[in-house]
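I have placed the structure first, in the form of structure tokens, so that the comments after it can refer back to it.
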Amino acid sequence: MFNRLAIAAAALCALAAPALAAPHPELDALRAEFEQKFQALQADYEARLKALEGRVQAAESQAGEAQAVAQTAAASAEQTAQATAPASATGAFNPDISLILQGAYIDRAGGERPISGFVPAGEHAHAERGFTLEHTELVMSANIDPYLHGYVNLAVLDEEVEVEEAWFQSLHLGHGLTVKGGRFLSGIGYQNARHPHTWDFADNNLVYEALFGEHLIQDGLQLRWLAPTALFLEFGAEVARGQFFPGSDEGADKNGAGSWAVFGHLGGDVGASHSWRAGLSYLKARPREREGWVEDLNDVEALTLFSGDSKTWLADFVWKWAPNGNPRQRNFTFTAEYFQRDEDGDLACADNTADGGACLDLTDAYGSDQSGWYAQAVYQFMPRWRVGTRYSRLSSGSTDFGLNAASLDGGRYHPRRWSLMADFSPSEFSRFRLQYNRDETLVGAPDDQFIVQYIMSLGPHGAHQF
């Protein structure tokens, strides 16, 4: 606006120039009035401009003071953190912690129910019934640093604390490689790496009960390689101490590995709604004086000691369906596994004649060729509700007891169990389950079993496997 006024004044002066030669009182008065108003207008704009400049300078000064205060506060906070924190920021202990609560009411026949024709994968067969508190699992996991991840799972029952898993695992090793060390659930098969609170049934299938009791635990090293292919292709190998069944403490008492395993998995998607995975695994262990309790020909419990080689092949297959890949509303899972186990070596049967038994403390050659399979299907027909069925069948195969055949029964048996379950999950942190078993694992003693189970998860818990 100031520029326009100046131009207008110049134009007015130019128009008035011809008349300056002769005096004109009215023109002089008009000129004087114009100059007076022009000077007043100019002074007003200059005052407003100075006021605006003052406000800008004040705002800049306040911003500078606020920035200085913020920097001082940040420096003070950093000094406080350095004074109270550990020497290394990566060493801060801040893991994810979760607690798994499990319990059940089991209605079944009394006494032990071993799997006929199979040496129990432990000292005795499970015999719990009535109200039963199952293992409470305490799980902690965190990144140790940018290169390693740590995990521990403690199973607590009454006055016992069992270290189920405690391992470290590499991060960002590159080339699809992952290394795990410590105590871990083996990667063989499909069901083995799943903890009990993630099972689809209240108990395990007969295949894993016969092979490992619950699952195979390894103390050692595991190497996995994920191939850079369109299909999921994974290979793994494990070397371990081998003290857990089918190994033994005596067999693990040496330098080197007492057991080793290899496995491979292949999988992919079929359209948007289907996915699958198939696997093949091999396990070899060298137990020495592995204890096993069996019934002899006089139906008296006898202690056996096995030393030799145990070799197991395991094949698994999983098929999953979810509409458009979204399992929250509906989904279906089919799982099946088959095993073949060969054991060769020497078997001793401790003298139990004092209790009326038939064993005479003889040691002789022993060989067995056993197999089995299970198949199960689980369908979530609406959010929170699932139903499922499972069938397991084993074959004790051909067993050669050598001289101990006079004390132990080497007949062929086909233990089996059929299960039906329904469960309800109020949320992702809780589940209630009702299950029925028709159990024919003990020769001549079929049993109808009912199980009511609860599973509760407190705190954050990592995602489970496929």
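Numbering starts fresh at 1 for the residues of each chain in the structure tokens, the chains themselves are lettered A, B, ... in the order given, and ligands are numbered from 1 as they appear.
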
Output as a tab-separated table (two decimals) with C-alpha atoms, in the first residue's frame all residues of stretch 257-291 of chain A that backbone DSSP marks as strand (DSSP E or B).
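Okay, states_25.tsv is ready:
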chain	number	residue	atom	x	y	z
A	259	SER	CA	22.05	-89.23	20.03
A	260	TRP	CA	21.59	-87.35	16.77
A	261	ALA	CA	18.68	-86.51	14.51
A	262	VAL	CA	17.98	-85.11	11.05
A	263	PHE	CA	14.70	-83.84	9.62
A	264	GLY	CA	13.26	-82.12	6.57
A	265	HIS	CA	9.97	-80.32	6.01
A	266	LEU	CA	8.25	-79.26	2.79
A	267	GLY	CA	5.10	-77.15	2.60
A	268	GLY	CA	3.11	-74.55	0.73
A	269	ASP	CA	-0.26	-73.00	-0.02
A	270	VAL	CA	-3.04	-74.21	-2.30
A	274	HIS	CA	-5.47	-74.19	2.02
A	275	SER	CA	-1.94	-74.87	3.29
A	276	TRP	CA	0.03	-78.05	3.95
A	277	ARG	CA	3.30	-79.41	5.30
A	278	ALA	CA	4.97	-82.81	5.07
A	279	GLY	CA	8.06	-84.03	6.87
A	280	LEU	CA	10.48	-86.91	7.30
A	281	SER	CA	12.73	-87.39	10.36
A	282	TYR	CA	15.35	-89.84	11.58
A	283	LEU	CA	16.60	-90.34	15.13
A	284	LYS	CA	19.42	-92.55	16.38
A	285	ALA	CA	20.32	-93.08	20.03
A	290	ARG	CA	18.18	-98.13	29.86
A	291	GLU	CA	15.63	-99.05	32.50

Per-residue nearest contacts of stretch 159-232 of chain A to stretch 395-418 of chain A (12 Å; only C-alpha atoms) as a Markdown table:
| residue | atom | partner | partner_atom | distance |
| --- | --- | --- | --- | --- |
| A:Phe201 | CA | A:Trp418 | CA | 11.5 |
| A:Asp203 | CA | A:Arg417 | CA | 11.2 |
| A:Asn204 | CA | A:Arg417 | CA | 10.8 |
| A:Asn205 | CA | A:Arg417 | CA | 8.3 |
| A:Leu206 | CA | A:Arg417 | CA | 7.4 |
| A:Val207 | CA | A:Arg416 | CA | 9.9 |
| A:Glu209 | CA | A:Pro415 | CA | 11.6 |
| A:Ala210 | CA | A:Ser396 | CA | 10.1 |
| A:Leu211 | CA | A:Ser396 | CA | 11.9 |

Those residues you just picked out, can you put them in a file as a PDB file, in the first residue's frame with N, CA and C atoms?
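Here's the written file out-v3.pdb:
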ATOM      1  N   PHE A 201      -5.704 -82.070  22.090  1.00  0.00           N
ATOM      2  CA  PHE A 201      -6.398 -82.997  22.968  1.00  0.00           C
ATOM      3  C   PHE A 201      -5.758 -82.933  24.349  1.00  0.00           C
ATOM      4  N   ASP A 203      -4.638 -85.284  26.235  1.00  0.00           N
ATOM      5  CA  ASP A 203      -3.483 -86.163  26.358  1.00  0.00           C
ATOM      6  C   ASP A 203      -2.783 -86.266  25.011  1.00  0.00           C
ATOM      7  N   ASN A 204      -1.619 -86.897  25.003  1.00  0.00           N
ATOM      8  CA  ASN A 204      -0.879 -87.044  23.765  1.00  0.00           C
ATOM      9  C   ASN A 204      -1.352 -88.293  23.027  1.00  0.00           C
ATOM     10  N   ASN A 205      -1.005 -88.378  21.733  1.00  0.00           N
ATOM     11  CA  ASN A 205      -1.361 -89.554  20.961  1.00  0.00           C
ATOM     12  C   ASN A 205      -0.461 -90.731  21.346  1.00  0.00           C
ATOM     13  N   LEU A 206      -0.863 -91.939  20.999  1.00  0.00           N
ATOM     14  CA  LEU A 206      -0.118 -93.138  21.379  1.00  0.00           C
ATOM     15  C   LEU A 206       1.267 -93.188  20.744  1.00  0.00           C
ATOM     16  N   VAL A 207       1.423 -92.607  19.565  1.00  0.00           N
ATOM     17  CA  VAL A 207       2.730 -92.622  18.907  1.00  0.00           C
ATOM     18  C   VAL A 207       3.782 -91.975  19.790  1.00  0.00           C
ATOM     19  N   GLU A 209       3.496 -91.221  23.029  1.00  0.00           N
ATOM     20  CA  GLU A 209       3.590 -91.895  24.316  1.00  0.00           C
ATOM     21  C   GLU A 209       4.515 -93.104  24.236  1.00  0.00           C
ATOM     22  N   ALA A 210       4.427 -93.851  23.142  1.00  0.00           N
ATOM     23  CA  ALA A 210       5.267 -95.038  22.997  1.00  0.00           C
ATOM     24  C   ALA A 210       6.713 -94.669  22.686  1.00  0.00           C
ATOM     25  N   LEU A 211       6.923 -93.633  21.892  1.00  0.00           N
ATOM     26  CA  LEU A 211       8.274 -93.272  21.465  1.00  0.00           C
ATOM     27  C   LEU A 211       9.040 -92.498  22.528  1.00  0.00           C
TER      28      LEU A 211
END

Legend entry - Distance of atom CA of A:Pro460 from atom CA of A:Asp96, expressed in Å to one decimal place: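 So the two atoms, atom CA of A:Asp96 and atom CA of A:Pro460, lie 6.2 Å apart.
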
Legend entry - Residue contacts of A:Asp158 (9 Å, only C-alpha atoms) excluding same-chain residues fewer than 2 positions away, as a list of chain:residue names: A:Leu133, A:His135, A:Val156, A:Glu160, A:Val161

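Distance check against A:Asp219 using only C-alpha atoms: of A:Ala127, A:Leu233, A:Ala166, A:Ala29, the minimum falls on A:Ala166.
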
Inset, instruction - Report as JSON, numbers by chain: the residues of stretch 216-292 of chain A with a DSSP assignment of alpha helix (DSSP H), based on the backbone of this structure. - result: {"A": [249, 250, 251, 252]}

Next, write the just-selected residues to a file, as a PDB file, in the first residue's frame, keeping N, CA and C atoms as the atom set.
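Result file follows (result35.pdb):
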ATOM      1  N   ASP A 249      20.673 -92.299  30.774  1.00  0.00           N
ATOM      2  CA  ASP A 249      21.715 -91.568  31.501  1.00  0.00           C
ATOM      3  C   ASP A 249      23.078 -92.235  31.340  1.00  0.00           C
ATOM      4  N   GLU A 250      23.103 -93.564  31.410  1.00  0.00           N
ATOM      5  CA  GLU A 250      24.378 -94.262  31.262  1.00  0.00           C
ATOM      6  C   GLU A 250      24.943 -94.084  29.858  1.00  0.00           C
ATOM      7  N   GLY A 251      24.085 -94.121  28.877  1.00  0.00           N
ATOM      8  CA  GLY A 251      24.549 -93.935  27.506  1.00  0.00           C
ATOM      9  C   GLY A 251      25.043 -92.540  27.229  1.00  0.00           C
ATOM     10  N   ALA A 252      24.543 -91.568  27.999  1.00  0.00           N
ATOM     11  CA  ALA A 252      24.957 -90.178  27.805  1.00  0.00           C
ATOM     12  C   ALA A 252      26.208 -89.828  28.593  1.00  0.00           C
TER      13      ALA A 252
END

Inset, instruction - Skip A:Tyr190 itself and residues of its chain fewer than 3 positions away, then list as a list in words all residues within 8 Å of it, counting only C-alpha atoms. - result: Gly187, Ala193, Arg194, Gly279, Asp316, Phe317 and Glu337 of chain A

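As for atom CA of A:Gln376 and atom CA of A:Thr389, they are spaced 5.6 Å apart.
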
Inset, instruction - Mind giving me the straight-line distance from atom CA of A:Gln102 to atom CA of A:Ile455 in Å, one decimal? - result: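 Interatomic distance, atom CA of A:Gln102 to atom CA of A:Ile455: 4.7 Å.
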